[in-house]
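> Just so it is clear, I am handing over input.cif, which has mmCIF, C-alpha atoms and all ligand atoms.
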```cif
data_run
loop_
_atom_site.label_atom_id
_atom_site.label_comp_id
_atom_site.auth_asym_id
_atom_site.auth_seq_id
_atom_site.Cartn_x
_atom_site.Cartn_y
_atom_site.Cartn_z
CA MET Q 1 16.74 -2.02 8.14
CA THR Q 2 15.28 -0.13 5.18
CA VAL Q 3 13.39 -1.59 2.24
CA ILE Q 4 16.15 -0.51 -0.11
CA ASP Q 5 18.80 -2.22 2.04
CA HIS Q 6 16.74 -5.42 1.99
CA ILE Q 7 16.53 -5.22 -1.80
CA ASN Q 8 20.21 -4.43 -2.26
CA GLN Q 9 21.27 -7.26 0.04
CA GLY Q 10 18.66 -9.75 -1.24
CA LYS Q 11 20.18 -12.71 -3.07
CA ASP Q 12 16.87 -14.04 -4.36
CA THR Q 13 13.40 -12.63 -4.96
CA LEU Q 14 12.17 -11.30 -1.62
CA ILE Q 15 8.69 -11.78 -0.16
CA SER Q 16 6.72 -9.14 1.74
CA PHE Q 17 3.17 -8.98 3.04
CA GLU Q 18 0.64 -6.29 3.73
CA VAL Q 19 -1.96 -6.14 6.49
CA LEU Q 20 -4.81 -3.82 7.45
CA PRO Q 21 -5.12 -2.55 11.00
CA PRO Q 22 -7.93 -4.45 12.76
CA LEU Q 23 -11.30 -2.79 13.24
CA LYS Q 24 -11.38 -0.59 16.33
CA GLY Q 25 -12.10 -2.71 19.40
CA LYS Q 26 -10.13 -5.74 18.21
CA SER Q 27 -6.80 -6.63 19.78
CA ILE Q 28 -3.32 -6.77 18.28
CA ASN Q 29 -3.65 -10.57 18.50
CA SER Q 30 -5.86 -10.49 15.41
CA ILE Q 31 -2.81 -9.18 13.50
CA TYR Q 32 -0.57 -11.86 14.98
CA ASP Q 33 -3.13 -14.60 14.20
CA HIS Q 34 -3.18 -13.32 10.61
CA LEU Q 35 0.59 -13.11 10.27
CA ASP Q 36 1.78 -16.11 12.32
CA PRO Q 37 1.36 -18.72 9.54
CA LEU Q 38 2.98 -16.42 6.97
CA MET Q 39 6.12 -15.96 9.04
CA GLU Q 40 7.48 -19.33 7.93
CA PHE Q 41 8.25 -17.67 4.57
CA LYS Q 42 10.59 -15.20 6.29
CA PRO Q 43 9.12 -12.04 4.77
CA SER Q 44 11.57 -9.17 4.54
CA TRP Q 45 9.05 -6.72 5.94
CA ILE Q 46 5.33 -6.17 6.61
CA ASN Q 47 3.38 -3.19 5.28
CA VAL Q 48 0.58 -1.75 7.39
CA THR Q 49 -2.05 0.30 5.57
CA TYR Q 50 -3.47 3.60 6.79
CA HIS Q 51 -7.18 4.35 6.90
CA ARG Q 52 -8.51 7.87 7.18
CA SER Q 53 -11.54 8.70 9.28
CA GLU Q 54 -15.03 8.69 7.82
CA THR Q 55 -17.90 11.06 8.48
CA MET Q 56 -20.91 9.24 9.94
CA PHE Q 57 -24.32 10.40 11.05
CA LYS Q 58 -25.45 8.98 14.40
CA LYS Q 59 -29.14 9.16 15.21
CA LYS Q 60 -29.93 10.85 18.53
CA GLN Q 61 -32.91 10.08 20.79
CA ASP Q 62 -34.78 13.18 19.57
CA GLY Q 63 -34.56 11.90 15.98
CA THR Q 64 -31.92 14.39 14.83
CA PHE Q 65 -28.45 13.34 13.73
CA ASP Q 66 -24.98 14.06 15.05
CA LYS Q 67 -22.15 14.30 12.50
CA VAL Q 68 -19.17 12.37 13.86
CA GLU Q 69 -15.73 11.57 12.50
CA VAL Q 70 -14.98 7.88 13.02
CA ARG Q 71 -11.65 6.16 12.37
CA LYS Q 72 -12.61 2.52 12.02
CA ARG Q 73 -9.09 1.15 11.67
CA PRO Q 74 -6.74 3.25 13.79
CA GLY Q 75 -3.30 2.23 15.01
CA THR Q 76 -0.97 2.02 11.99
CA VAL Q 77 2.06 3.42 13.84
CA GLY Q 78 1.45 1.29 16.95
CA ILE Q 79 0.91 -1.85 14.88
CA CYS Q 80 4.22 -1.31 13.07
CA ALA Q 81 6.04 -0.98 16.38
CA ALA Q 82 4.22 -4.08 17.73
CA ILE Q 83 5.10 -6.15 14.63
CA MET Q 84 8.75 -5.12 14.81
CA ASN Q 85 8.90 -5.99 18.48
CA HIS Q 86 6.92 -9.24 18.21
CA TYR Q 87 8.59 -10.76 15.13
CA GLN Q 88 11.88 -8.85 15.01
CA ILE Q 89 11.24 -7.88 11.40
CA ASP Q 90 10.79 -4.53 9.70
CA ALA Q 91 7.45 -2.86 9.24
CA VAL Q 92 6.47 -0.25 6.68
CA PRO Q 93 3.66 2.10 7.65
CA HIS Q 94 1.59 3.72 4.91
CA PHE Q 95 1.25 7.46 5.42
CA ILE Q 96 -1.38 9.49 3.63
CA CYS Q 97 -2.03 13.19 3.02
CA GLY Q 98 -5.80 12.89 3.49
CA GLY Q 99 -7.06 13.89 6.92
CA PHE Q 100 -3.68 15.09 8.20
CA SER Q 101 -2.30 18.59 8.69
CA LYS Q 102 1.43 19.04 8.08
CA ARG Q 103 2.00 19.43 11.83
CA GLU Q 104 0.16 16.18 12.63
CA THR Q 105 2.23 14.47 9.95
CA GLU Q 106 5.45 15.81 11.44
CA ASP Q 107 4.49 14.60 14.92
CA ALA Q 108 3.58 11.13 13.61
CA LEU Q 109 6.91 10.95 11.75
CA ILE Q 110 8.73 11.87 14.95
CA ASP Q 111 6.86 9.03 16.71
CA LEU Q 112 7.98 6.62 13.96
CA ASN Q 113 11.56 7.80 14.29
CA PHE Q 114 11.54 7.30 18.06
CA LEU Q 115 10.17 3.80 17.50
CA ASP Q 116 13.03 2.97 15.10
CA VAL Q 117 10.70 2.62 12.13
CA ASP Q 118 12.84 3.84 9.25
CA ASN Q 119 10.53 3.11 6.34
CA VAL Q 120 7.42 4.86 5.12
CA LEU Q 121 5.25 4.44 2.02
CA VAL Q 122 3.88 7.90 1.19
CA LEU Q 123 0.51 8.18 -0.50
CA ARG Q 124 -2.10 10.78 -1.15
CA GLY Q 125 -5.11 8.75 -0.01
CA ASP Q 126 -8.54 8.89 -1.60
CA ALA Q 127 -11.60 11.02 -1.06
CA PRO Q 128 -13.70 10.00 1.96
CA LYS Q 129 -16.53 7.60 1.02
CA ASN Q 130 -19.20 10.30 0.99
CA GLU Q 131 -17.16 12.77 -1.13
CA THR Q 132 -16.37 12.61 -4.82
CA ALA Q 133 -12.96 14.28 -5.02
CA PHE Q 134 -9.91 14.31 -2.77
CA GLU Q 135 -9.49 17.53 -0.82
CA PRO Q 136 -6.52 18.12 1.46
CA GLU Q 137 -6.88 19.42 5.00
CA PRO Q 138 -6.61 23.24 5.21
CA ASP Q 139 -2.97 22.84 6.28
CA GLY Q 140 -2.36 19.48 4.65
CA HIS Q 141 -0.77 18.13 1.49
CA ARG Q 142 -2.57 17.85 -1.86
CA TYR Q 143 -0.28 15.31 -3.52
CA ALA Q 144 1.91 12.46 -2.33
CA ILE Q 145 4.97 14.34 -3.62
CA ASP Q 146 4.30 17.16 -1.13
CA LEU Q 147 4.18 14.67 1.75
CA LEU Q 148 7.32 13.04 0.37
CA LYS Q 149 9.11 16.40 0.42
CA GLN Q 150 8.15 16.85 4.07
CA VAL Q 151 9.63 13.45 4.96
CA SER Q 152 12.71 14.26 2.90
CA ASN Q 153 13.08 17.56 4.76
CA LEU Q 154 12.99 15.72 8.09
CA ASN Q 155 15.71 13.42 6.74
CA ASN Q 156 17.74 16.60 6.33
CA GLY Q 157 16.87 17.88 9.79
CA ILE Q 158 14.43 20.50 8.47
CA TYR Q 159 11.33 20.77 10.66
CA LEU Q 160 8.22 22.88 10.08
CA ASP Q 161 9.21 25.16 12.93
CA GLU Q 162 12.02 27.28 11.55
CA ASP Q 163 13.26 27.99 15.09
CA ILE Q 164 14.50 24.39 15.34
CA LEU Q 165 18.14 24.69 14.40
CA ASN Q 166 20.38 21.64 14.02
CA GLY Q 167 17.28 19.42 14.24
CA GLY Q 168 17.86 15.67 14.45
CA LYS Q 169 17.88 14.02 11.03
CA THR Q 170 15.53 11.11 10.45
CA LYS Q 171 16.54 8.33 8.04
CA PHE Q 172 13.33 7.30 6.38
CA CYS Q 173 13.50 5.17 3.26
CA ILE Q 174 10.56 6.51 1.24
CA GLY Q 175 8.43 4.42 -1.12
CA VAL Q 176 5.70 5.67 -3.45
CA ALA Q 177 2.78 4.17 -5.36
CA GLY Q 178 2.76 3.45 -9.10
CA TYR Q 179 -0.08 2.35 -11.37
CA PRO Q 180 0.58 -0.11 -14.23
CA GLU Q 181 -2.95 0.65 -15.48
CA LYS Q 182 -2.70 4.43 -14.80
CA HIS Q 183 -4.05 6.30 -11.80
CA PHE Q 184 -7.72 6.90 -12.52
CA GLU Q 185 -7.47 10.67 -12.21
CA ALA Q 186 -4.49 11.13 -14.52
CA PRO Q 187 -5.40 12.37 -18.00
CA ASN Q 188 -3.12 9.79 -19.64
CA LEU Q 189 -0.36 7.29 -18.88
CA GLU Q 190 2.43 9.60 -20.07
CA ILE Q 191 1.47 12.33 -17.59
CA ASP Q 192 0.98 9.80 -14.79
CA LEU Q 193 4.45 8.39 -15.45
CA GLN Q 194 6.01 11.85 -15.51
CA ARG Q 195 4.45 12.54 -12.09
CA LEU Q 196 5.81 9.25 -10.85
CA LYS Q 197 9.24 10.31 -12.10
CA ASP Q 198 8.83 13.60 -10.20
CA LYS Q 199 8.26 11.57 -7.00
CA VAL Q 200 11.40 9.54 -7.64
CA GLU Q 201 13.44 12.68 -8.36
CA ALA Q 202 12.12 14.17 -5.12
CA GLY Q 203 13.61 11.25 -3.18
CA ALA Q 204 11.50 8.08 -3.49
CA CYS Q 205 13.75 5.02 -3.20
CA TYR Q 206 11.34 2.52 -4.74
CA ILE Q 207 7.89 2.14 -6.28
CA MET Q 208 5.20 -0.24 -5.09
CA THR Q 209 2.43 -0.87 -7.57
CA GLN Q 210 -1.30 -1.07 -7.46
CA MET Q 211 -2.58 -4.64 -7.81
CA PHE Q 212 -2.85 -6.00 -11.35
CA PHE Q 213 -3.96 -9.32 -12.76
CA ASP Q 214 -2.29 -9.15 -16.16
CA ASN Q 215 1.50 -9.37 -15.95
CA LYS Q 216 1.86 -7.90 -19.45
CA LYS Q 217 0.63 -4.60 -18.03
CA PHE Q 218 3.30 -4.70 -15.32
CA PHE Q 219 6.07 -5.56 -17.80
CA GLN Q 220 4.99 -2.70 -20.04
CA PHE Q 221 4.87 -0.36 -17.03
CA VAL Q 222 8.41 -1.30 -16.00
CA ASN Q 223 9.65 -0.79 -19.58
CA ASP Q 224 7.90 2.59 -19.80
CA CYS Q 225 9.39 3.66 -16.47
CA ARG Q 226 12.91 2.65 -17.54
CA ALA Q 227 12.46 4.42 -20.89
CA ILE Q 228 11.87 7.77 -19.18
CA GLY Q 229 14.69 7.30 -16.69
CA ILE Q 230 12.92 5.91 -13.63
CA ASN Q 231 15.56 3.53 -12.36
CA VAL Q 232 14.51 2.67 -8.80
CA PRO Q 233 13.23 -0.84 -7.92
CA ILE Q 234 9.60 -1.49 -8.86
CA ILE Q 235 7.76 -3.87 -6.53
CA PRO Q 236 4.63 -5.58 -7.86
CA GLY Q 237 1.62 -5.48 -5.52
CA LEU Q 238 -0.29 -8.78 -5.77
CA LYS Q 239 -3.72 -9.84 -4.62
CA PRO Q 240 -5.73 -13.01 -5.22
CA LEU Q 241 -9.18 -12.73 -6.76
CA THR Q 242 -11.34 -14.88 -4.51
CA THR Q 243 -15.02 -14.16 -5.16
CA LYS Q 244 -17.33 -13.53 -8.12
CA LYS Q 245 -18.32 -10.21 -6.59
CA GLN Q 246 -14.74 -8.97 -6.97
CA LEU Q 247 -15.13 -9.13 -10.75
CA SER Q 248 -17.09 -5.89 -10.45
CA VAL Q 249 -15.79 -4.53 -7.13
CA LEU Q 250 -12.05 -4.52 -7.95
CA PRO Q 251 -12.37 -2.66 -11.28
CA ARG Q 252 -14.69 -0.13 -9.64
CA LEU Q 253 -12.57 0.48 -6.53
CA PHE Q 254 -9.07 0.04 -7.90
CA HIS Q 255 -9.49 0.80 -11.62
CA VAL Q 256 -7.86 -2.44 -12.75
CA ASP Q 257 -8.88 -4.79 -15.56
CA ILE Q 258 -9.55 -8.47 -15.04
CA PRO Q 259 -8.19 -10.58 -17.95
CA THR Q 260 -10.85 -12.51 -19.86
CA ASP Q 261 -9.33 -15.93 -19.07
CA LEU Q 262 -9.48 -15.18 -15.35
CA SER Q 263 -13.00 -13.73 -15.40
CA ASN Q 264 -14.26 -16.67 -17.50
CA SER Q 265 -12.80 -19.19 -15.03
CA ILE Q 266 -14.25 -17.33 -12.06
CA MET Q 267 -17.68 -17.11 -13.72
CA LYS Q 268 -17.74 -20.91 -14.03
CA CYS Q 269 -17.19 -21.41 -10.28
CA LYS Q 270 -20.18 -22.48 -8.21
CA THR Q 271 -18.86 -21.47 -4.78
CA ASP Q 272 -16.43 -19.00 -3.23
CA ALA Q 273 -14.23 -21.97 -2.32
CA GLU Q 274 -13.91 -22.78 -6.04
CA CYS Q 275 -13.19 -19.12 -6.79
CA GLU Q 276 -10.39 -19.19 -4.22
CA ILE Q 277 -8.77 -22.14 -5.96
CA VAL Q 278 -8.93 -20.41 -9.34
CA GLY Q 279 -7.67 -17.11 -7.87
CA ALA Q 280 -4.80 -18.83 -6.05
CA GLU Q 281 -3.71 -20.70 -9.18
CA TRP Q 282 -3.77 -17.45 -11.18
CA LEU Q 283 -1.72 -15.67 -8.51
CA LEU Q 284 0.80 -18.51 -8.42
CA GLN Q 285 1.32 -18.32 -12.18
CA GLN Q 286 1.61 -14.53 -11.98
CA SER Q 287 4.17 -14.85 -9.18
CA LYS Q 288 6.29 -17.41 -11.07
CA GLU Q 289 6.33 -15.26 -14.20
CA LEU Q 290 7.19 -12.11 -12.25
CA ARG Q 291 10.02 -13.89 -10.49
CA GLU Q 292 11.39 -15.01 -13.84
CA PHE Q 293 11.14 -11.43 -15.08
CA GLY Q 294 13.44 -10.52 -12.19
CA VAL Q 295 11.27 -8.47 -9.83
CA PRO Q 296 13.15 -7.70 -6.60
CA VAL Q 297 10.19 -8.50 -4.34
CA LEU Q 298 6.80 -10.20 -4.54
CA HIS Q 299 4.53 -8.12 -2.31
CA TYR Q 300 1.22 -9.73 -1.31
CA TYR Q 301 -1.86 -7.89 -0.12
CA THR Q 302 -3.09 -10.45 2.39
CA LEU Q 303 -6.30 -8.53 3.26
CA GLY Q 304 -8.29 -11.17 5.10
CA LYS Q 305 -6.99 -14.02 2.92
CA PRO Q 306 -3.78 -15.20 4.60
CA LYS Q 307 -4.59 -18.85 3.86
CA VAL Q 308 -4.81 -18.25 0.11
CA ILE Q 309 -1.53 -16.34 0.19
CA TRP Q 310 0.03 -19.09 2.30
CA ASN Q 311 -0.98 -21.70 -0.31
CA VAL Q 312 0.51 -19.63 -3.12
CA VAL Q 313 3.80 -18.76 -1.43
CA LYS Q 314 4.21 -22.34 -0.20
CA GLU Q 315 4.25 -23.47 -3.84
CA LEU Q 316 6.83 -20.83 -4.71
CA VAL Q 317 9.50 -21.31 -2.06
P1 LIG Q 401 -0.35 11.00 -6.05
O1 LIG Q 401 1.00 10.54 -6.42
O2 LIG Q 401 -0.47 12.30 -5.34
O3 LIG Q 401 -1.22 11.04 -7.38
C1 LIG Q 401 -2.64 11.22 -7.30
C2 LIG Q 401 -3.13 11.77 -8.64
O4 LIG Q 401 -2.69 13.12 -8.78
C3 LIG Q 401 -2.61 11.02 -9.86
O5 LIG Q 401 -3.61 11.02 -10.84
C4 LIG Q 401 -1.43 11.86 -10.32
O6 LIG Q 401 -1.19 11.70 -11.70
C5 LIG Q 401 -1.94 13.27 -9.96
N1 LIG Q 401 -0.88 14.23 -9.66
C6 LIG Q 401 0.26 13.99 -8.95
N2 LIG Q 401 0.96 15.13 -8.85
C7 LIG Q 401 0.25 16.10 -9.49
C8 LIG Q 401 0.44 17.49 -9.72
N3 LIG Q 401 1.53 18.12 -9.28
N4 LIG Q 401 -0.51 18.16 -10.41
C9 LIG Q 401 -1.62 17.55 -10.87
N5 LIG Q 401 -1.86 16.22 -10.68
C10 LIG Q 401 -0.93 15.52 -10.00
N6 LIG Q 401 -4.76 4.62 0.31
C11 LIG Q 401 -4.99 4.75 1.65
O7 LIG Q 401 -5.85 5.55 2.03
N7 LIG Q 401 -4.28 4.05 2.56
C12 LIG Q 401 -3.30 3.17 2.22
O8 LIG Q 401 -2.70 2.54 3.07
C13 LIG Q 401 -3.03 3.00 0.82
N8 LIG Q 401 -2.06 2.16 0.40
C14 LIG Q 401 -1.76 2.06 -0.94
C15 LIG Q 401 -0.67 1.26 -1.38
C16 LIG Q 401 -0.37 1.15 -2.72
C17 LIG Q 401 0.82 0.32 -3.16
C18 LIG Q 401 -1.16 1.84 -3.68
C19 LIG Q 401 -0.86 1.71 -5.16
C20 LIG Q 401 -2.22 2.64 -3.28
C21 LIG Q 401 -2.53 2.78 -1.92
N9 LIG Q 401 -3.57 3.59 -1.47
C22 LIG Q 401 -3.81 3.75 -0.11
C23 LIG Q 401 -4.44 4.28 -2.42
C24 LIG Q 401 -3.91 5.69 -2.81
O9 LIG Q 401 -3.99 6.54 -1.70
C25 LIG Q 401 -4.77 6.16 -3.96
O10 LIG Q 401 -4.54 5.39 -5.11
C26 LIG Q 401 -4.71 7.66 -4.28
O11 LIG Q 401 -5.81 7.95 -5.16
C27 LIG Q 401 -3.45 8.12 -4.99
O12 LIG Q 401 -2.36 8.05 -4.18
P2 LIG Q 401 -0.90 8.42 -4.78
O13 LIG Q 401 0.04 8.36 -3.64
O14 LIG Q 401 -0.61 7.62 -5.98
O15 LIG Q 401 -1.15 9.96 -5.16
#
```
Just dump the structure as structure tokens.

Amino acid sequence: MTVIDHINQGKDTLISFEVLPPLKGKSINSIYDHLDPLMEFKPSWINVTYHRSETMFKKKQDGTFDKVEVRKRPGTVGICAAIMNHYQIDAVPHFICGGFSKRETEDALIDLNFLDVDNVLVLRGDAPKNETAFEPEPDGHRYAIDLLKQVSNLNNGIYLDEDILNGGKTKFCIGVAGYPEKHFEAPNLEIDLQRLKDKVEAGACYIMTQMFFDNKKFFQFVNDCRAIGINVPIIPGLKPLTTKKQLSVLPRLFHVDIPTDLSNSIMKCKTDAECEIVGAEWLLQQSKELREFGVPVLHYYTLGKPKVIWNVVKELV
């Protein structure tokens, strides 16, 4: 079932979760261990993130270095299929432009289609850790909208190889990312929103947002989207703040602000356990307010903190 069908058929606010593929070498059981407790909340679907490869330098015996491409968290497509099979629920793979040629993307989409995965969240991806700006592969996509158009073409039976006539049509429900606090590369919010609108007009069925800690920013974002004619569902992406270190890490990595009340409370904590309590309480209040606002789904980034998310959602349902 697609995300948009879940939303349209949902009678109440839906819940969904997001997981990272385990580090290479770990088994699929680490995903099940992570998700098992959260299943009692009957999530509508599970998102699985995608992680591009990184360039690493491995020292050789003679003291010189070998440049190697390492994908630390492979397996997004396989994990989605495993989750769907194991829990009988839908999975939403994240697909990125970075590191993929158009042909590799097409093949991966065909795999998804054969596996009955009919959802995909299309993203651009970021620059690799050791590079400053995003660069597409020589035959890859520069922006998420270009990847979206490729998926949309497949939905219409249009493959890269023009010799394929009457090609089978896929039926992907396509989601895209939105940024209540603006994407860091966009010159201003107006232009960022216009580009988001372009993605919706190109076929995105819904928007999933970057994490945020101040609901006012989300409410304003939704109002701004509606004002320029973006009418698809907007799903808030939610994450608990659980350590003092995140006060500097999250703004640096994700370009989000931490409200003063939250940062003050976290600063007063003496241990990470205390930070977790503060972060969970903040997330619970955020979730209650968002539900009252009428969001279709509360989407939680569980990223290594399933217990905190469990505590929050338990209070909600
Ligand atoms: P785009 O929509 O392509 O936008 C990127 C930038 O380009 C923006 O500044 C936009 O304004 C600008 N832009 C867009 N179109 C044009 C144009 N035609 N001309 C000029 N500028 C343009 N990353 C991962 O690697 N893996 C994941 O699994 C992952 N999951 C994510 C999930 C969510 C919900 C979110 C919000 C982000 C996720 N990311 C993930 C991070 C994402 O890849 C980065 O935020 C990336 O920098 C932008 O992706 P995008 O899809 O928003 O890109």
> What residues of the protein or nucleic acid chains come within 6 Å of ligand LIG 401 (chain Q) when you use only C-alpha atoms and all ligand atoms? Reply as a ChimeraX atom specification.
/Q:49-51,94,123-126,143-144,177-178,183,185-186,192,195,208-210
> Restrict the calculation to all atoms listed in the file, then for each residue of segment 12-99 of chain Q with any atom at most 12 Å from an atom of segment 150-169 of chain Q give the closest atom pair and their distance in Å to one decimal, rows by chain and rising residue number, as a tab-separated table.

```
residue	atom	partner	partner_atom	distance
Q:Phe95	CA	Q:Val151	CA	10.3
Q:Ile96	CA	Q:Val151	CA	11.8
Q:Cys97	CA	Q:Gln150	CA	10.9
```
> For Pro259 of chain Q, work out the shell of residues within 7 Å, counting only C-alpha atoms and skipping chain neighbours fewer than 4 positions away, then give it as JSON, numbers by chain.
{"Q": [213, 214, 263]}
> At a cut-off of 12 Å from (4.4, 10.3, 14.3) in the coordinates of the file, what residues are picked up using all atoms listed in the file, written as a PyMOL selection string?
chain Q and resi 75-78+80-81+93-95+100+102-118+120+151+154+170
> Can you measure atom CA of Asp36 of chain Q to atom CA of Val295 of chain Q for me? One decimal in Å is fine.
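It comes out at 25.3 Å.
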> Show which residues sit within 7 Å of segment 246-258 of chain Q, as a ChimeraX atom specification. Count only C-alpha atoms, and ignore same-chain residues fewer than 6 positions away.
/Q:181,184,212-213
> Taking (1.4, -13.4, -8.8) as a centre in this file's frame and 9 Å as the limit, can you find every polymer residue with an atom that close, using all atoms listed in the file, and give them as an mmCIF file with C-alpha atoms, keeping the file's coordinate frame?

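Okay, out_7.cif is ready:
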```cif
data_model
loop_
_atom_site.group_PDB
_atom_site.id
_atom_site.type_symbol
_atom_site.label_atom_id
_atom_site.label_comp_id
_atom_site.auth_asym_id
_atom_site.auth_seq_id
_atom_site.Cartn_x
_atom_site.Cartn_y
_atom_site.Cartn_z
ATOM 1 C CA PHE Q 212 -2.850 -6.000 -11.350
ATOM 2 C CA PHE Q 213 -3.960 -9.320 -12.760
ATOM 3 C CA ASN Q 215 1.500 -9.370 -15.950
ATOM 4 C CA PRO Q 236 4.630 -5.580 -7.860
ATOM 5 C CA GLY Q 237 1.620 -5.480 -5.520
ATOM 6 C CA LEU Q 238 -0.290 -8.780 -5.770
ATOM 7 C CA LYS Q 239 -3.720 -9.840 -4.620
ATOM 8 C CA PRO Q 240 -5.730 -13.010 -5.220
ATOM 9 C CA ALA Q 280 -4.800 -18.830 -6.050
ATOM 10 C CA GLU Q 281 -3.710 -20.700 -9.180
ATOM 11 C CA TRP Q 282 -3.770 -17.450 -11.180
ATOM 12 C CA LEU Q 283 -1.720 -15.670 -8.510
ATOM 13 C CA LEU Q 284 0.800 -18.510 -8.420
ATOM 14 C CA GLN Q 285 1.320 -18.320 -12.180
ATOM 15 C CA GLN Q 286 1.610 -14.530 -11.980
ATOM 16 C CA SER Q 287 4.170 -14.850 -9.180
ATOM 17 C CA LYS Q 288 6.290 -17.410 -11.070
ATOM 18 C CA GLU Q 289 6.330 -15.260 -14.200
ATOM 19 C CA LEU Q 290 7.190 -12.110 -12.250
ATOM 20 C CA ARG Q 291 10.020 -13.890 -10.490
ATOM 21 C CA LEU Q 298 6.800 -10.200 -4.540
ATOM 22 C CA HIS Q 299 4.530 -8.120 -2.310
ATOM 23 C CA TYR Q 300 1.220 -9.730 -1.310
ATOM 24 C CA VAL Q 312 0.510 -19.630 -3.120
#
```
> My list of candidates is Q:Thr242, Q:Gln9, Q:Glu292, Q:Glu40. Which is closest to Gly304 of chain Q when distances are computed with all atoms listed in the file?
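Using all atoms listed in the file, Gly304 of chain Q sits closest to Q:Thr242.
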> Interatomic distance between atom CA of Ala202 of chain Q and atom CA of Pro138 of chain Q?
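If I compute the distance from atom CA of Ala202 of chain Q to atom CA of Pro138 of chain Q, I get 23.2 Å.
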> Taking 2 positions as the minimum chain separation for residues in the same chain, which residues sit within 12 Å of His6 of chain Q when counting all atoms listed in the file? Answer as a ChimeraX atom specification.
/Q:1-4,8-16,43-45,89-90,119,173,206,233,296-297
> Determine the nearest neighbour of Phe293 of chain Q from the options Q:Lys216, Q:Val317, Q:Asn311, Q:Asp224, counting all atoms listed in the file.
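Closest candidate: Q:Lys216.
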> Hey, can you check how far atom CA of Ser101 of chain Q sits from atom CA of Glu135 of chain Q?
12.0 Å
> May I have the residues within 12 Å of Lys197 of chain Q as a list in words, using all atoms listed in the file and disregarding those fewer than 5 positions away in the same chain?
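Within the cut-off, the hits are Ile145, Val176, Ala177, Gly178, Glu190, Ile191, Asp192, Ala202, Gly203, Ala204, Cys205, Tyr206, Ile207, Asp224, Cys225, Arg226, Ala227, Ile228, Gly229, Ile230, Asn231 and Val232 of chain Q.
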> Please list as a ChimeraX atom specification every residue within 10 Å of Pro74 of chain Q, counting only C-alpha atoms and excluding residues in the same chain fewer than 4 positions away.
/Q:20-25,49-53,70,78-79
> Of the residues Q:Phe65, Q:Phe57, Q:Tyr32, Q:Tyr301, which is the one nearest to Met84 of chain Q, using only C-alpha atoms?
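Among Q:Phe65, Q:Phe57, Q:Tyr32, Q:Tyr301, it is Q:Tyr32 that comes nearest to Met84 of chain Q.
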> Report, as AutoDock Vina command-line options, the axis-aligned box around all atoms of segment 117-129 of chain Q present in the file, extended by 8 Å on each side; give centre and edge lengths in Å to one decimal place.

```
--center_x -1.8 --center_y 6.8 --center_z 5.3 --size_x 45.4 --size_y 24.4 --size_z 29.7
```
> As a PDB file, in the coordinates of the input, could you write out segment 113-121 of chain Q once it has been completed with N, CA, C and O atoms?

```pdb
ATOM      1  N   ASN Q 113      10.108   7.736  14.133  1.00  0.00           N
ATOM      2  CA  ASN Q 113      11.560   7.800  14.290  1.00  0.00           C
ATOM      3  C   ASN Q 113      11.968   7.322  15.680  1.00  0.00           C
ATOM      4  O   ASN Q 113      12.907   6.533  15.818  1.00  0.00           O
ATOM      5  N   PHE Q 114      11.227   7.741  16.705  1.00  0.00           N
ATOM      6  CA  PHE Q 114      11.540   7.300  18.060  1.00  0.00           C
ATOM      7  C   PHE Q 114      11.359   5.789  18.204  1.00  0.00           C
ATOM      8  O   PHE Q 114      12.018   5.140  19.005  1.00  0.00           O
ATOM      9  N   LEU Q 115      10.438   5.238  17.420  1.00  0.00           N
ATOM     10  CA  LEU Q 115      10.170   3.800  17.500  1.00  0.00           C
ATOM     11  C   LEU Q 115      11.106   2.968  16.613  1.00  0.00           C
ATOM     12  O   LEU Q 115      10.930   1.765  16.468  1.00  0.00           O
ATOM     13  N   ASP Q 116      12.066   3.657  15.980  1.00  0.00           N
ATOM     14  CA  ASP Q 116      13.030   2.970  15.100  1.00  0.00           C
ATOM     15  C   ASP Q 116      12.412   2.438  13.821  1.00  0.00           C
ATOM     16  O   ASP Q 116      12.936   1.483  13.230  1.00  0.00           O
ATOM     17  N   VAL Q 117      11.290   2.994  13.420  1.00  0.00           N
ATOM     18  CA  VAL Q 117      10.700   2.620  12.130  1.00  0.00           C
ATOM     19  C   VAL Q 117      11.369   3.519  11.092  1.00  0.00           C
ATOM     20  O   VAL Q 117      11.202   4.738  11.145  1.00  0.00           O
ATOM     21  N   ASP Q 118      12.145   2.956  10.185  1.00  0.00           N
ATOM     22  CA  ASP Q 118      12.840   3.840   9.250  1.00  0.00           C
ATOM     23  C   ASP Q 118      12.383   3.649   7.803  1.00  0.00           C
ATOM     24  O   ASP Q 118      13.119   3.874   6.853  1.00  0.00           O
ATOM     25  N   ASN Q 119      11.129   3.219   7.668  1.00  0.00           N
ATOM     26  CA  ASN Q 119      10.530   3.110   6.340  1.00  0.00           C
ATOM     27  C   ASN Q 119       9.165   3.781   6.364  1.00  0.00           C
ATOM     28  O   ASN Q 119       8.471   3.739   7.385  1.00  0.00           O
ATOM     29  N   VAL Q 120       8.783   4.346   5.230  1.00  0.00           N
ATOM     30  CA  VAL Q 120       7.420   4.860   5.120  1.00  0.00           C
ATOM     31  C   VAL Q 120       7.021   4.857   3.638  1.00  0.00           C
ATOM     32  O   VAL Q 120       7.834   5.163   2.767  1.00  0.00           O
ATOM     33  N   LEU Q 121       5.789   4.396   3.388  1.00  0.00           N
ATOM     34  CA  LEU Q 121       5.250   4.440   2.020  1.00  0.00           C
ATOM     35  C   LEU Q 121       4.326   5.650   1.969  1.00  0.00           C
ATOM     36  O   LEU Q 121       3.319   5.681   2.680  1.00  0.00           O
TER      37      LEU Q 121
END
```
